[in-house]
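target00.pdb (PDB, C-alpha atoms) appears below.
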ATOM      1  CA  MET A   5     210.119 313.723  -9.215  1.00  0.00           C
ATOM      2  CA  LYS A   6     209.398 316.839  -7.211  1.00  0.00           C
ATOM      3  CA  ALA A   7     206.351 318.384  -5.614  1.00  0.00           C
ATOM      4  CA  LYS A   8     205.981 322.046  -4.767  1.00  0.00           C
ATOM      5  CA  VAL A   9     205.175 323.002  -1.193  1.00  0.00           C
ATOM      6  CA  ARG A  10     203.669 326.282  -0.021  1.00  0.00           C
ATOM      7  CA  LEU A  11     203.844 327.457   3.566  1.00  0.00           C
ATOM      8  CA  PHE A  12     201.583 330.150   4.925  1.00  0.00           C
ATOM      9  CA  ALA A  13     201.424 332.551   7.879  1.00  0.00           C
ATOM     10  CA  ARG A  14     203.314 331.240  10.932  1.00  0.00           C
ATOM     11  CA  LEU A  15     204.608 328.188   9.048  1.00  0.00           C
ATOM     12  CA  GLY A  16     206.248 330.372   6.409  1.00  0.00           C
ATOM     13  CA  GLU A  17     207.921 332.443   9.102  1.00  0.00           C
ATOM     14  CA  LEU A  18     209.121 329.373  11.035  1.00  0.00           C
ATOM     15  CA  ALA A  19     210.620 327.832   7.908  1.00  0.00           C
ATOM     16  CA  GLY A  20     211.993 331.146   6.676  1.00  0.00           C
ATOM     17  CA  THR A  21     210.503 330.450   3.257  1.00  0.00           C
ATOM     18  CA  ARG A  22     207.051 330.350   1.719  1.00  0.00           C
ATOM     19  CA  GLU A  23     207.889 327.880  -0.999  1.00  0.00           C
ATOM     20  CA  ALA A  24     209.935 324.691  -1.168  1.00  0.00           C
ATOM     21  CA  GLU A  25     210.398 321.663  -3.336  1.00  0.00           C
ATOM     22  CA  VAL A  26     210.313 318.132  -1.991  1.00  0.00           C
ATOM     23  CA  GLU A  27     211.592 315.012  -3.696  1.00  0.00           C
ATOM     24  CA  VAL A  28     208.628 312.650  -3.850  1.00  0.00           C
ATOM     25  CA  GLY A  29     210.345 309.670  -5.498  1.00  0.00           C
ATOM     26  CA  GLU A  30     207.772 306.962  -6.089  1.00  0.00           C
ATOM     27  CA  GLY A  31     205.217 308.968  -4.142  1.00  0.00           C
ATOM     28  CA  LEU A  32     204.752 310.385  -0.653  1.00  0.00           C
ATOM     29  CA  THR A  33     201.685 311.248   1.367  1.00  0.00           C
ATOM     30  CA  ALA A  34     200.914 314.839   2.296  1.00  0.00           C
ATOM     31  CA  GLY A  35     201.875 314.017   5.889  1.00  0.00           C
ATOM     32  CA  GLU A  36     205.215 312.608   4.728  1.00  0.00           C
ATOM     33  CA  VAL A  37     205.862 315.803   2.780  1.00  0.00           C
ATOM     34  CA  TYR A  38     205.471 317.673   6.080  1.00  0.00           C
ATOM     35  CA  GLN A  39     207.900 315.243   7.773  1.00  0.00           C
ATOM     36  CA  ALA A  40     210.424 315.791   4.985  1.00  0.00           C
ATOM     37  CA  LEU A  41     210.138 319.555   5.473  1.00  0.00           C
ATOM     38  CA  CYS A  42     210.622 319.163   9.234  1.00  0.00           C
ATOM     39  CA  ARG A  43     213.988 317.525   8.584  1.00  0.00           C
ATOM     40  CA  ARG A  44     214.991 320.507   6.474  1.00  0.00           C
ATOM     41  CA  TYR A  45     213.379 323.157   8.694  1.00  0.00           C
ATOM     42  CA  PRO A  46     213.377 321.825  12.285  1.00  0.00           C
ATOM     43  CA  ALA A  47     211.345 324.828  13.505  1.00  0.00           C
ATOM     44  CA  LEU A  48     208.325 323.237  11.820  1.00  0.00           C
ATOM     45  CA  ARG A  49     208.424 320.195  14.099  1.00  0.00           C
ATOM     46  CA  GLY A  50     205.650 319.418  16.543  1.00  0.00           C
ATOM     47  CA  LEU A  51     202.824 321.102  14.645  1.00  0.00           C
ATOM     48  CA  ASN A  52     201.384 317.912  13.230  1.00  0.00           C
ATOM     49  CA  SER A  53     198.134 318.099  15.193  1.00  0.00           C
ATOM     50  CA  SER A  54     197.194 321.593  14.016  1.00  0.00           C
ATOM     51  CA  ILE A  55     198.245 321.521  10.362  1.00  0.00           C
ATOM     52  CA  ARG A  56     195.751 320.795   7.614  1.00  0.00           C
ATOM     53  CA  TYR A  57     196.848 319.908   4.127  1.00  0.00           C
ATOM     54  CA  ALA A  58     195.720 321.001   0.720  1.00  0.00           C
ATOM     55  CA  VAL A  59     196.774 319.300  -2.484  1.00  0.00           C
ATOM     56  CA  ASN A  60     196.378 321.366  -5.631  1.00  0.00           C
ATOM     57  CA  GLY A  61     194.234 323.877  -3.783  1.00  0.00           C
ATOM     58  CA  GLU A  62     191.788 321.485  -2.119  1.00  0.00           C
ATOM     59  CA  TYR A  63     191.748 320.264   1.457  1.00  0.00           C
ATOM     60  CA  ALA A  64     193.187 316.736   1.693  1.00  0.00           C
ATOM     61  CA  GLU A  65     193.738 314.131   4.372  1.00  0.00           C
ATOM     62  CA  PRO A  66     197.312 313.566   5.644  1.00  0.00           C
ATOM     63  CA  GLY A  67     197.261 310.194   3.872  1.00  0.00           C
ATOM     64  CA  ARG A  68     196.579 311.728   0.478  1.00  0.00           C
ATOM     65  CA  ALA A  69     199.146 310.626  -2.143  1.00  0.00           C
ATOM     66  CA  VAL A  70     201.347 313.343  -3.606  1.00  0.00           C
ATOM     67  CA  GLY A  71     203.101 312.920  -6.925  1.00  0.00           C
ATOM     68  CA  GLU A  72     205.282 314.853  -9.294  1.00  0.00           C
ATOM     69  CA  GLY A  73     204.053 318.341 -10.076  1.00  0.00           C
ATOM     70  CA  ASP A  74     201.493 318.432  -7.277  1.00  0.00           C
ATOM     71  CA  GLU A  75     201.262 321.505  -5.090  1.00  0.00           C
ATOM     72  CA  VAL A  76     201.017 320.730  -1.381  1.00  0.00           C
ATOM     73  CA  ALA A  77     200.047 323.509   1.024  1.00  0.00           C
ATOM     74  CA  LEU A  78     200.594 323.400   4.768  1.00  0.00           C
ATOM     75  CA  ILE A  79     197.594 325.184   6.259  1.00  0.00           C
ATOM     76  CA  PRO A  80     197.724 326.411   9.865  1.00  0.00           C
ATOM     77  CA  PRO A  81     194.359 326.991  11.595  1.00  0.00           C
ATOM     78  CA  VAL A  82     192.708 329.771   9.616  1.00  0.00           C
ATOM     79  CA  SER A  83     191.851 333.153  11.134  1.00  0.00           C
ATOM     80  CA  GLY A  84     190.380 335.388   8.456  1.00  0.00           C
ATOM     81  CA  GLY A  85     187.800 338.086   8.995  1.00  0.00           C
ATOM     82  CA  ALA A  86     188.574 341.007  11.278  1.00  0.00           C
ATOM     83  CA  ASN A  87     189.761 340.622  14.897  1.00  0.00           C
ATOM     84  CA  ALA A  88     187.356 338.356  16.739  1.00  0.00           C
ATOM     85  CA  VAL A  89     184.235 339.428  14.865  1.00  0.00           C
TER
ATOM     86  CA  MET B  15     179.096 335.956  -7.852  1.00  0.00           C
ATOM     87  CA  LEU B  16     182.389 337.583  -7.024  1.00  0.00           C
ATOM     88  CA  PHE B  17     185.218 336.223  -4.870  1.00  0.00           C
ATOM     89  CA  GLU B  18     188.403 338.158  -4.465  1.00  0.00           C
ATOM     90  CA  ILE B  19     191.550 338.211  -2.377  1.00  0.00           C
ATOM     91  CA  THR B  20     193.152 341.596  -2.920  1.00  0.00           C
ATOM     92  CA  THR B  21     195.671 344.016  -1.459  1.00  0.00           C
ATOM     93  CA  ALA B  22     193.544 346.951  -2.618  1.00  0.00           C
ATOM     94  CA  VAL B  23     191.234 348.993  -0.367  1.00  0.00           C
ATOM     95  CA  LEU B  24     187.800 347.314  -0.315  1.00  0.00           C
ATOM     96  CA  ASP B  25     184.845 349.126  -1.852  1.00  0.00           C
ATOM     97  CA  PRO B  26     181.470 348.171  -0.311  1.00  0.00           C
ATOM     98  CA  GLN B  27     179.443 349.973  -2.987  1.00  0.00           C
ATOM     99  CA  ARG B  28     181.044 347.855  -5.688  1.00  0.00           C
ATOM    100  CA  LEU B  29     179.927 344.670  -3.921  1.00  0.00           C
ATOM    101  CA  ILE B  30     176.423 346.000  -3.310  1.00  0.00           C
ATOM    102  CA  ASP B  31     176.083 346.934  -6.984  1.00  0.00           C
ATOM    103  CA  HIS B  32     177.439 343.542  -7.991  1.00  0.00           C
ATOM    104  CA  VAL B  33     174.932 341.451  -6.013  1.00  0.00           C
ATOM    105  CA  ARG B  34     171.848 343.655  -6.470  1.00  0.00           C
ATOM    106  CA  LYS B  35     169.377 342.175  -8.960  1.00  0.00           C
ATOM    107  CA  ASP B  36     165.986 343.495 -10.021  1.00  0.00           C
ATOM    108  CA  GLU B  37     164.349 340.766  -7.938  1.00  0.00           C
ATOM    109  CA  SER B  38     166.402 341.682  -4.839  1.00  0.00           C
ATOM    110  CA  GLY B  39     164.491 343.573  -2.181  1.00  0.00           C
ATOM    111  CA  ALA B  40     167.400 343.370   0.247  1.00  0.00           C
ATOM    112  CA  VAL B  41     171.158 343.449   0.268  1.00  0.00           C
ATOM    113  CA  ALA B  42     172.898 342.468   3.518  1.00  0.00           C
ATOM    114  CA  LEU B  43     176.476 343.648   3.781  1.00  0.00           C
ATOM    115  CA  PHE B  44     178.933 342.499   6.427  1.00  0.00           C
ATOM    116  CA  SER B  45     182.104 344.542   6.998  1.00  0.00           C
ATOM    117  CA  GLY B  46     184.899 343.135   9.106  1.00  0.00           C
ATOM    118  CA  VAL B  47     186.879 346.079  10.443  1.00  0.00           C
ATOM    119  CA  VAL B  48     190.258 346.179  12.179  1.00  0.00           C
ATOM    120  CA  ARG B  49     189.778 346.957  15.864  1.00  0.00           C
ATOM    121  CA  ASN B  50     192.340 348.599  18.150  1.00  0.00           C
ATOM    122  CA  GLU B  51     192.356 345.940  20.872  1.00  0.00           C
ATOM    123  CA  THR B  52     192.072 342.186  21.398  1.00  0.00           C
ATOM    124  CA  HIS B  53     191.808 340.640  24.875  1.00  0.00           C
ATOM    125  CA  GLY B  54     192.819 343.951  26.412  1.00  0.00           C
ATOM    126  CA  ARG B  55     195.919 344.244  24.271  1.00  0.00           C
ATOM    127  CA  ARG B  56     196.372 347.393  22.215  1.00  0.00           C
ATOM    128  CA  VAL B  57     196.709 346.421  18.564  1.00  0.00           C
ATOM    129  CA  LEU B  58     198.780 348.678  16.298  1.00  0.00           C
ATOM    130  CA  TYR B  59     197.858 347.038  13.014  1.00  0.00           C
ATOM    131  CA  LEU B  60     197.047 343.669  11.441  1.00  0.00           C
ATOM    132  CA  GLU B  61     198.757 341.805   8.677  1.00  0.00           C
ATOM    133  CA  TYR B  62     196.862 339.270   6.584  1.00  0.00           C
ATOM    134  CA  ASP B  63     198.208 336.346   4.631  1.00  0.00           C
ATOM    135  CA  ALA B  64     196.192 334.147   2.269  1.00  0.00           C
ATOM    136  CA  TYR B  65     196.437 331.278  -0.163  1.00  0.00           C
ATOM    137  CA  PRO B  66     194.615 333.290  -2.811  1.00  0.00           C
ATOM    138  CA  GLU B  67     193.822 330.652  -5.445  1.00  0.00           C
ATOM    139  CA  MET B  68     192.477 328.234  -2.852  1.00  0.00           C
ATOM    140  CA  ALA B  69     190.710 330.930  -0.812  1.00  0.00           C
ATOM    141  CA  GLU B  70     188.752 332.110  -3.839  1.00  0.00           C
ATOM    142  CA  ARG B  71     187.747 328.556  -4.673  1.00  0.00           C
ATOM    143  CA  VAL B  72     186.668 327.759  -1.098  1.00  0.00           C
ATOM    144  CA  MET B  73     184.662 330.999  -0.914  1.00  0.00           C
ATOM    145  CA  ARG B  74     182.841 330.009  -4.087  1.00  0.00           C
ATOM    146  CA  GLU B  75     182.039 326.547  -2.670  1.00  0.00           C
ATOM    147  CA  ILE B  76     180.636 328.068   0.528  1.00  0.00           C
ATOM    148  CA  ALA B  77     178.551 330.559  -1.448  1.00  0.00           C
ATOM    149  CA  GLU B  78     177.184 327.897  -3.789  1.00  0.00           C
ATOM    150  CA  GLU B  79     176.152 325.830  -0.782  1.00  0.00           C
ATOM    151  CA  ALA B  80     174.394 328.886   0.705  1.00  0.00           C
ATOM    152  CA  MET B  81     172.551 329.458  -2.590  1.00  0.00           C
ATOM    153  CA  THR B  82     171.019 325.982  -2.235  1.00  0.00           C
ATOM    154  CA  ARG B  83     170.042 326.540   1.431  1.00  0.00           C
ATOM    155  CA  TRP B  84     168.451 329.986   1.189  1.00  0.00           C
ATOM    156  CA  PRO B  85     166.438 331.692  -1.542  1.00  0.00           C
ATOM    157  CA  ILE B  86     169.137 334.294  -2.138  1.00  0.00           C
ATOM    158  CA  THR B  87     169.958 335.868  -5.465  1.00  0.00           C
ATOM    159  CA  ASP B  88     173.694 336.519  -5.324  1.00  0.00           C
ATOM    160  CA  VAL B  89     176.811 336.570  -3.139  1.00  0.00           C
ATOM    161  CA  ALA B  90     180.044 338.556  -3.343  1.00  0.00           C
ATOM    162  CA  VAL B  91     183.049 338.305  -1.021  1.00  0.00           C
ATOM    163  CA  GLN B  92     186.287 340.255  -0.822  1.00  0.00           C
ATOM    164  CA  HIS B  93     189.124 339.801   1.637  1.00  0.00           C
ATOM    165  CA  ARG B  94     192.018 342.185   1.826  1.00  0.00           C
ATOM    166  CA  THR B  95     195.557 341.012   2.571  1.00  0.00           C
ATOM    167  CA  GLY B  96     198.780 342.735   3.599  1.00  0.00           C
ATOM    168  CA  ARG B  97     199.035 345.397   6.288  1.00  0.00           C
ATOM    169  CA  LEU B  98     195.747 346.889   7.513  1.00  0.00           C
ATOM    170  CA  GLU B  99     195.501 349.827   9.878  1.00  0.00           C
ATOM    171  CA  ILE B 100     192.940 350.285  12.660  1.00  0.00           C
ATOM    172  CA  GLY B 101     189.538 351.097  11.149  1.00  0.00           C
ATOM    173  CA  GLU B 102     190.269 349.608   7.754  1.00  0.00           C
ATOM    174  CA  THR B 103     188.010 346.946   6.282  1.00  0.00           C
ATOM    175  CA  SER B 104     189.456 343.448   5.956  1.00  0.00           C
ATOM    176  CA  LEU B 105     186.392 341.499   4.853  1.00  0.00           C
ATOM    177  CA  LEU B 106     183.230 342.277   2.931  1.00  0.00           C
ATOM    178  CA  ILE B 107     180.409 339.815   2.362  1.00  0.00           C
ATOM    179  CA  ALA B 108     177.365 340.982   0.399  1.00  0.00           C
ATOM    180  CA  VAL B 109     174.242 338.866  -0.040  1.00  0.00           C
ATOM    181  CA  SER B 110     171.171 339.825  -2.014  1.00  0.00           C
ATOM    182  CA  ALA B 111     167.761 338.216  -1.635  1.00  0.00           C
ATOM    183  CA  PRO B 112     164.127 338.990  -2.398  1.00  0.00           C
ATOM    184  CA  HIS B 113     163.539 339.565   1.343  1.00  0.00           C
ATOM    185  CA  ARG B 114     165.667 340.769   4.254  1.00  0.00           C
ATOM    186  CA  LYS B 115     165.343 337.675   6.459  1.00  0.00           C
ATOM    187  CA  GLU B 116     167.126 335.377   4.023  1.00  0.00           C
ATOM    188  CA  ALA B 117     169.725 338.035   3.231  1.00  0.00           C
ATOM    189  CA  PHE B 118     170.590 338.502   6.938  1.00  0.00           C
ATOM    190  CA  GLU B 119     170.588 334.777   7.729  1.00  0.00           C
ATOM    191  CA  ALA B 120     172.708 333.747   4.769  1.00  0.00           C
ATOM    192  CA  CYS B 121     175.163 336.590   5.318  1.00  0.00           C
ATOM    193  CA  HIS B 122     175.554 335.652   8.998  1.00  0.00           C
ATOM    194  CA  ALA B 123     176.096 331.980   8.143  1.00  0.00           C
ATOM    195  CA  LEU B 124     178.612 332.873   5.441  1.00  0.00           C
ATOM    196  CA  VAL B 125     180.695 334.957   7.855  1.00  0.00           C
ATOM    197  CA  ASP B 126     180.806 332.073  10.361  1.00  0.00           C
ATOM    198  CA  LYS B 127     181.663 329.452   7.761  1.00  0.00           C
ATOM    199  CA  PHE B 128     184.214 331.692   6.124  1.00  0.00           C
ATOM    200  CA  LYS B 129     186.167 332.045   9.360  1.00  0.00           C
ATOM    201  CA  GLU B 130     186.363 328.260   9.717  1.00  0.00           C
ATOM    202  CA  VAL B 131     187.607 327.164   6.325  1.00  0.00           C
ATOM    203  CA  VAL B 132     188.874 329.917   4.047  1.00  0.00           C
ATOM    204  CA  PRO B 133     192.706 329.869   4.046  1.00  0.00           C
ATOM    205  CA  VAL B 134     193.352 333.392   5.326  1.00  0.00           C
ATOM    206  CA  TRP B 135     195.417 334.262   8.399  1.00  0.00           C
ATOM    207  CA  LYS B 136     195.955 337.366  10.442  1.00  0.00           C
ATOM    208  CA  LYS B 137     198.881 338.535  12.473  1.00  0.00           C
ATOM    209  CA  GLU B 138     198.310 340.981  15.288  1.00  0.00           C
ATOM    210  CA  VAL B 139     201.049 343.486  15.825  1.00  0.00           C
ATOM    211  CA  TRP B 140     201.153 345.357  19.113  1.00  0.00           C
ATOM    212  CA  GLU B 141     203.815 347.393  20.892  1.00  0.00           C
ATOM    213  CA  GLY B 142     206.749 345.117  21.528  1.00  0.00           C
ATOM    214  CA  GLY B 143     205.454 341.999  19.819  1.00  0.00           C
ATOM    215  CA  GLU B 144     203.395 340.216  17.250  1.00  0.00           C
ATOM    216  CA  GLU B 145     201.556 336.937  16.894  1.00  0.00           C
ATOM    217  CA  TRP B 146     199.884 334.919  14.157  1.00  0.00           C
ATOM    218  CA  ILE B 147     196.357 334.282  15.351  1.00  0.00           C
ATOM    219  CA  GLU B 148     195.239 330.728  14.780  1.00  0.00           C
ATOM    220  CA  GLY B 149     191.636 329.607  14.856  1.00  0.00           C
ATOM    221  CA  GLU B 150     190.376 326.273  16.085  1.00  0.00           C
ATOM    222  CA  ALA B 151     192.548 323.448  14.773  1.00  0.00           C
ATOM    223  CA  VAL B 152     190.592 320.912  12.758  1.00  0.00           C
ATOM    224  CA  ARG B 153     191.716 317.550  14.092  1.00  0.00           C
ATOM    225  CA  HIS B 154     192.611 314.803  11.705  1.00  0.00           C
ATOM    226  CA  GLU B 155     190.613 311.618  12.188  1.00  0.00           C
TER
END

Show me, as structure tokens, the structure contained in the file I just sent.
Amino acid sequence: MKAKVRLFARLGELAGTREAEVEVGEGLTAGEVYQALCRRYPALRGLNSSIRYAVNGEYAEPGRAVGEGDEVALIPPVSGGANAV
Amino acid sequence: MLFEITTAVLDPQRLIDHVRKDESGAVALFSGVVRNETHGRRVLYLEYDAYPEMAERVMREIAEEAMTRWPITDVAVQHRTGRLEIGETSLLIAVSAPHRKEAFEACHALVDKFKEVVPVWKKEVWEGGEEWIEGEAVRHE
């Protein structure tokens, strides 16, 4: 029972990977998926307050249940557009 | 409507042609362009990352919401990713409407909303360093 995780921008660089798989067993929350990744990639620790989650491409609360085959994205604060336009 | 995350050079005329309808008297076009400095620091180039599938979906949601708020006729958005040099265009938002006021207002609101929620990130690269720029963190309740 695995979920796919995608890491973007700074999070991808800190982890050294943009994709990972996490064992979800009987089910984890999105926040617990982040905790599991922190154990594997300690550089990700301490970012809990700024990360948003998306499950299957839609923003989700940290308490959102994640099951097999779901795609969880760790979303740092977004900064699209040009410089500070 | 058109929503695209692409590594290709952006083409404003294509967006203008896409949103223009026979009932449109105005097309407002916003171009976000890479500038050579931020907070007094000389920027060499920018690098953009995105979650493309989600970004395109979120852009569509924002545009659909705008279509219900303003009498506009169409919206098209493109964001470029990868390495962008000074002067290159990173973001294009085109809005057509029967009249200019709605086109300007909706385009302005779309730019602001876009920068809050669309999953796109930029890294500034300057001499001797680089940094992922992060917007305002949205706090979890």

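The residues of chain B lying at most 6 Å from chain A, with only C-alpha atoms taken into account, are Gly46, Val47, Val48, Asp63, Met68, Ser104, Leu105, Lys129, Pro133, Val134, Trp135, Lys136, Trp146, Glu148, Gly149 and Ala151 of chain B.
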
Residues from the last selection, C-alpha atoms, saved as a PDB file, in the coordinates of the input:
ATOM      1  CA  GLY B  46     184.899 343.135   9.106  1.00  0.00           C
ATOM      2  CA  VAL B  47     186.879 346.079  10.443  1.00  0.00           C
ATOM      3  CA  VAL B  48     190.258 346.179  12.179  1.00  0.00           C
ATOM      4  CA  ASP B  63     198.208 336.346   4.631  1.00  0.00           C
ATOM      5  CA  MET B  68     192.477 328.234  -2.852  1.00  0.00           C
ATOM      6  CA  SER B 104     189.456 343.448   5.956  1.00  0.00           C
ATOM      7  CA  LEU B 105     186.392 341.499   4.853  1.00  0.00           C
ATOM      8  CA  LYS B 129     186.167 332.045   9.360  1.00  0.00           C
ATOM      9  CA  PRO B 133     192.706 329.869   4.046  1.00  0.00           C
ATOM     10  CA  VAL B 134     193.352 333.392   5.326  1.00  0.00           C
ATOM     11  CA  TRP B 135     195.417 334.262   8.399  1.00  0.00           C
ATOM     12  CA  LYS B 136     195.955 337.366  10.442  1.00  0.00           C
ATOM     13  CA  TRP B 146     199.884 334.919  14.157  1.00  0.00           C
ATOM     14  CA  GLU B 148     195.239 330.728  14.780  1.00  0.00           C
ATOM     15  CA  GLY B 149     191.636 329.607  14.856  1.00  0.00           C
ATOM     16  CA  ALA B 151     192.548 323.448  14.773  1.00  0.00           C
TER      17      ALA B 151
END

Taking the file above as input, evaluate the PyMOL selection byres ((chain A and resi 18-29) around 8) and report the hits as a compact mmCIF listing (two decimals) with C-alpha atoms, in the coordinates of the input.
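Contents of the output file out27.txt:
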# COMPACT_ATOMS: atom_id res chain seq x y z
CA MET A 5 210.12 313.72 -9.22
CA LYS A 6 209.40 316.84 -7.21
CA ALA A 7 206.35 318.38 -5.61
CA LYS A 8 205.98 322.05 -4.77
CA VAL A 9 205.18 323.00 -1.19
CA ARG A 10 203.67 326.28 -0.02
CA LEU A 11 203.84 327.46 3.57
CA PHE A 12 201.58 330.15 4.92
CA ARG A 14 203.31 331.24 10.93
CA LEU A 15 204.61 328.19 9.05
CA GLY A 16 206.25 330.37 6.41
CA GLU A 17 207.92 332.44 9.10
CA GLU A 30 207.77 306.96 -6.09
CA GLY A 31 205.22 308.97 -4.14
CA LEU A 32 204.75 310.38 -0.65
CA VAL A 37 205.86 315.80 2.78
CA ALA A 40 210.42 315.79 4.99
CA LEU A 41 210.14 319.56 5.47
CA TYR A 45 213.38 323.16 8.69
CA PRO A 46 213.38 321.82 12.28
CA ALA A 47 211.34 324.83 13.50
CA LEU A 48 208.32 323.24 11.82
CA VAL A 70 201.35 313.34 -3.61
CA GLY A 71 203.10 312.92 -6.92
CA GLU A 72 205.28 314.85 -9.29

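One finds atom CA of Gln27 of chain B at 16.3 Å from atom CA of Cys121 of chain B.
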
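When the PyMOL selection byres ((chain B and resi 77-89) around 6) is run on the displayed coordinates, the residues it returns are B:Met15, B:Val33, B:Arg74, B:Glu75, B:Ile76, B:Ala90, B:Ala108, B:Val109, B:Ser110, B:Ala111.
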
In Å, rounded to a single decimal, give me how far atom CA of Val76 of chain A is from atom CA of Ala64 of chain A.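 If I compute the distance from atom CA of Ala64 of chain A to atom CA of Val76 of chain A, I get 9.3 Å.
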
Residues in the PyMOL selection byres ((chain B and resi 96-102) around 6), expressed as a count of residues only: 10

Report the distance between atom CA of Glu144 of chain B and atom CA of Glu130 of chain B in Å, rounded to one decimal place.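 Calculated distance between atom CA of Glu144 of chain B and atom CA of Glu130 of chain B is 22.1 Å.
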
Do a neighbour search on Arg55 of chain B at 10 Å with all atoms listed in the file, toss out local chain neighbours closer than 3 positions, and write the hits as a count of residues only. 8
